[in-house]
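J.: I am attaching a structure below and will ask some questions about it afterwards.
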Amino acid sequence: MFDSGAMGLASSLGLGMALALPHRKVLVFDGDGALLMNLGSLATIAQQNPANLVHLVFQNGVYESCGGGPVVDAAKVDFAQMARAAGIERSYNIEEEDDFKAKVDEFLKTPGLTFAALKVSPAERIQATAQKEYIKNKLQFMEFVQQVGK
Amino acid sequence: MLQRAGCLKLLAEKVTDEVVVCTIGMLGSE
């Protein structure tokens with residue numbers, strides 16, 4: 001699902017999908033700036049505790065989807081600690097490729113709510129990716145949910 | 001430091017059609 005135009009809501013939408021589609025594993029790809037816009041979602045996700053949700057946050061220090069402006073103090077933010085404090089016990093900060101490789105199977109195969117902040121470099125070429133076809137995007141999303149819900 | 005494209009590639013290699021992906025709008029180049 002492509003959620004441009006609703007920055008910060010990927011985690012909330014992912015939570016809804018995880019609750020509605022318990023037979024599916026749901027991966028959320030979030031951004032650090034986006035999560036900081038909707039930090040309360042961590043508490044809501046922890047309270048709902050869906051065993052099929054994996055929330056991955058790309059911590060690159062910039063608002064990449066809208067042009068590359070800096071996220072304030074992003075490098076200092078300990079997202080795993082925040083997630084853990086919200087009640088998501090399986091929370092990680094990952095900086096090294098080998099550590100990520102070691103966790104991928106757990107993310108995809110082990111049941112249980114999972115959060116991980118992945119410290120990544122910003123893209124070399126930052127290009128805002130504004131989605132203008134919101135209605136089309138919504139209809140495609142509805143069709144997709146109907147398909148995966150079967 | 002990780003590379004986002006590398007993370008996505010590794011996940012894509014292992015992901016199955018049982019998995020639903022929900023993303024913000026920042027992955028267009030990858």
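Identifiers for the structure tokens are assigned positionally: chains receive A, B, ... in sequence, residues are indexed from 1 per chain, and ligands are indexed from 1 in the order shown.
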Within 6 Å of chain B, which residues of chain A come that close, and what is the closest atom pair and distance in Å for each? Count only C-alpha atoms and give it as a tab-separated table.
T.:
```
residue	atom	partner	partner_atom	distance
A:Met1	CA	B:Cys22	CA	4.6
A:Phe2	CA	B:Thr23	CA	5.4
A:Asp3	CA	B:Ile24	CA	4.7
A:Ser4	CA	B:Gly25	CA	4.1
A:Ala10	CA	B:Thr23	CA	5.8
A:Gly14	CA	B:Cys22	CA	5.9
A:Arg24	CA	B:Glu18	CA	5.4
A:Lys25	CA	B:Val19	CA	4.7
A:Val26	CA	B:Val20	CA	4.6
A:Leu27	CA	B:Val21	CA	4.7
A:Val28	CA	B:Cys22	CA	4.6
A:Phe29	CA	B:Thr23	CA	4.5
A:Asp30	CA	B:Ile24	CA	5.8
A:Ser65	CA	B:Met26	CA	4.6
A:Glu95	CA	B:Met1	CA	5.1
A:Glu96	CA	B:Met1	CA	5.7
A:Glu97	CA	B:Leu2	CA	5.8
A:Lys119	CA	B:Leu2	CA	5.9
A:Val120	CA	B:Leu2	CA	4.5
A:Ser121	CA	B:Gln3	CA	6.0
```
J.: Put those residues in a file: N, CA and C atoms, as a PDB file, in the first residue's frame.
T.:
```pdb
ATOM      1  N   MET A   1       0.839  -1.181   0.000  1.00  0.00           N
ATOM      2  CA  MET A   1       0.000   0.000   0.000  1.00  0.00           C
ATOM      3  C   MET A   1       0.881   1.240   0.000  1.00  0.00           C
ATOM      4  N   PHE A   2       0.550   2.195  -0.807  1.00  0.00           N
ATOM      5  CA  PHE A   2       1.348   3.400  -0.958  1.00  0.00           C
ATOM      6  C   PHE A   2       0.585   4.558  -0.340  1.00  0.00           C
ATOM      7  N   ASP A   3       1.131   5.124   0.718  1.00  0.00           N
ATOM      8  CA  ASP A   3       0.390   6.036   1.570  1.00  0.00           C
ATOM      9  C   ASP A   3       0.893   7.471   1.459  1.00  0.00           C
ATOM     10  N   SER A   4       1.331   7.877   0.295  1.00  0.00           N
ATOM     11  CA  SER A   4       1.786   9.256   0.152  1.00  0.00           C
ATOM     12  C   SER A   4       0.609  10.204   0.345  1.00  0.00           C
ATOM     13  N   ALA A  10       1.150   5.664   8.269  1.00  0.00           N
ATOM     14  CA  ALA A  10       1.426   4.294   7.825  1.00  0.00           C
ATOM     15  C   ALA A  10       1.270   3.303   8.978  1.00  0.00           C
ATOM     16  N   GLY A  14      -1.394   0.429   9.012  1.00  0.00           N
ATOM     17  CA  GLY A  14      -0.869  -0.937   9.136  1.00  0.00           C
ATOM     18  C   GLY A  14      -1.499  -1.680  10.301  1.00  0.00           C
ATOM     19  N   ARG A  24      -2.717 -12.696   7.761  1.00  0.00           N
ATOM     20  CA  ARG A  24      -1.618 -12.155   6.967  1.00  0.00           C
ATOM     21  C   ARG A  24      -0.584 -11.511   7.877  1.00  0.00           C
ATOM     22  N   LYS A  25       0.668 -11.565   7.462  1.00  0.00           N
ATOM     23  CA  LYS A  25       1.710 -10.773   8.115  1.00  0.00           C
ATOM     24  C   LYS A  25       1.702  -9.401   7.462  1.00  0.00           C
ATOM     25  N   VAL A  26       1.691  -8.363   8.260  1.00  0.00           N
ATOM     26  CA  VAL A  26       1.656  -6.995   7.734  1.00  0.00           C
ATOM     27  C   VAL A  26       2.973  -6.295   8.071  1.00  0.00           C
ATOM     28  N   LEU A  27       3.647  -5.810   7.031  1.00  0.00           N
ATOM     29  CA  LEU A  27       4.880  -5.046   7.207  1.00  0.00           C
ATOM     30  C   LEU A  27       4.583  -3.573   6.972  1.00  0.00           C
ATOM     31  N   VAL A  28       4.966  -2.747   7.900  1.00  0.00           N
ATOM     32  CA  VAL A  28       4.856  -1.294   7.714  1.00  0.00           C
ATOM     33  C   VAL A  28       6.255  -0.724   7.500  1.00  0.00           C
ATOM     34  N   PHE A  29       6.436   0.012   6.406  1.00  0.00           N
ATOM     35  CA  PHE A  29       7.672   0.751   6.181  1.00  0.00           C
ATOM     36  C   PHE A  29       7.385   2.218   6.487  1.00  0.00           C
ATOM     37  N   ASP A  30       7.931   2.676   7.583  1.00  0.00           N
ATOM     38  CA  ASP A  30       7.654   4.026   8.067  1.00  0.00           C
ATOM     39  C   ASP A  30       8.926   4.858   7.972  1.00  0.00           C
ATOM     40  N   SER A  65      10.360  12.054   1.702  1.00  0.00           N
ATOM     41  CA  SER A  65       9.227  11.981   0.784  1.00  0.00           C
ATOM     42  C   SER A  65       8.746  13.354   0.342  1.00  0.00           C
ATOM     43  N   GLU A  95      21.671  -1.019  13.081  1.00  0.00           N
ATOM     44  CA  GLU A  95      22.551  -0.128  12.307  1.00  0.00           C
ATOM     45  C   GLU A  95      23.420  -0.882  11.316  1.00  0.00           C
ATOM     46  N   GLU A  96      23.644  -2.174  11.559  1.00  0.00           N
ATOM     47  CA  GLU A  96      24.584  -2.928  10.729  1.00  0.00           C
ATOM     48  C   GLU A  96      23.850  -3.954   9.870  1.00  0.00           C
ATOM     49  N   GLU A  97      24.376  -4.154   8.667  1.00  0.00           N
ATOM     50  CA  GLU A  97      23.733  -5.059   7.717  1.00  0.00           C
ATOM     51  C   GLU A  97      23.637  -6.486   8.262  1.00  0.00           C
ATOM     52  N   LYS A 119      18.683   2.245  10.927  1.00  0.00           N
ATOM     53  CA  LYS A 119      19.447   3.481  10.656  1.00  0.00           C
ATOM     54  C   LYS A 119      20.032   3.394   9.257  1.00  0.00           C
ATOM     55  N   VAL A 120      19.494   4.210   8.366  1.00  0.00           N
ATOM     56  CA  VAL A 120      19.893   4.175   6.959  1.00  0.00           C
ATOM     57  C   VAL A 120      20.385   5.549   6.514  1.00  0.00           C
ATOM     58  N   SER A 121      21.148   5.526   5.423  1.00  0.00           N
ATOM     59  CA  SER A 121      21.591   6.783   4.812  1.00  0.00           C
ATOM     60  C   SER A 121      20.433   7.369   4.018  1.00  0.00           C
TER      61      SER A 121
END
```
J.: Excluding segment 85-90 of chain A and residues on its chain fewer than 5 positions from it, collect all residues at most 8 Å away from it, counting only C-alpha atoms, and give them as a list in words.
T.: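 So, after excluding close chain neighbours, the residues are Leu42, Ala43, Ile45, Ala46, Gln47, Asn49, Gly112, Leu113, Thr114 and Phe115 of chain A.
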J.: Hey, can you check how far atom CA of Leu21 of chain A sits from atom CA of Gln48 of chain A?
T.: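 Computing the Euclidean distance for atom CA of Leu21 of chain A and atom CA of Gln48 of chain A yields 13.7 Å.
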J.: Would you kindly return, as a PyMOL selection string, each protein, DNA or RNA residue with an atom no farther than 12 Å from any atom of Leu36 of chain A, considering only C-alpha atoms and excluding same-chain residues fewer than 5 positions away?
T.: chain A and resi 7-11+30-31+41-42+57+59+61-63+71-74+77-79+82-83
J.: May I ask which of the residues A:Leu53, A:Cys66, A:Ala123, A:Met142 is the closest one to Phe107 of chain A, counting only C-alpha atoms?
T.: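 Residue with the minimum atom-to-atom distance to Phe107 of chain A: A:Leu53.
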J.: Quick check for you: according to DSSP on this backbone, which residues of chain A are classed as strand (DSSP E)? Reply as a list in words.
T.: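 Restricting chain A to strand (DSSP E) produces Lys25, Val26, Leu27, Val28, Phe29, Asp30, Gly31, Leu53, Val54, His55, Leu56, Val57, Phe58, Gln59, Val62, Tyr63, Gly69, Pro70, Ser91, Tyr92, Asn93, Ile94, Thr114, Phe115, Ala116, Ala117, Leu118 and Lys119 of chain A.
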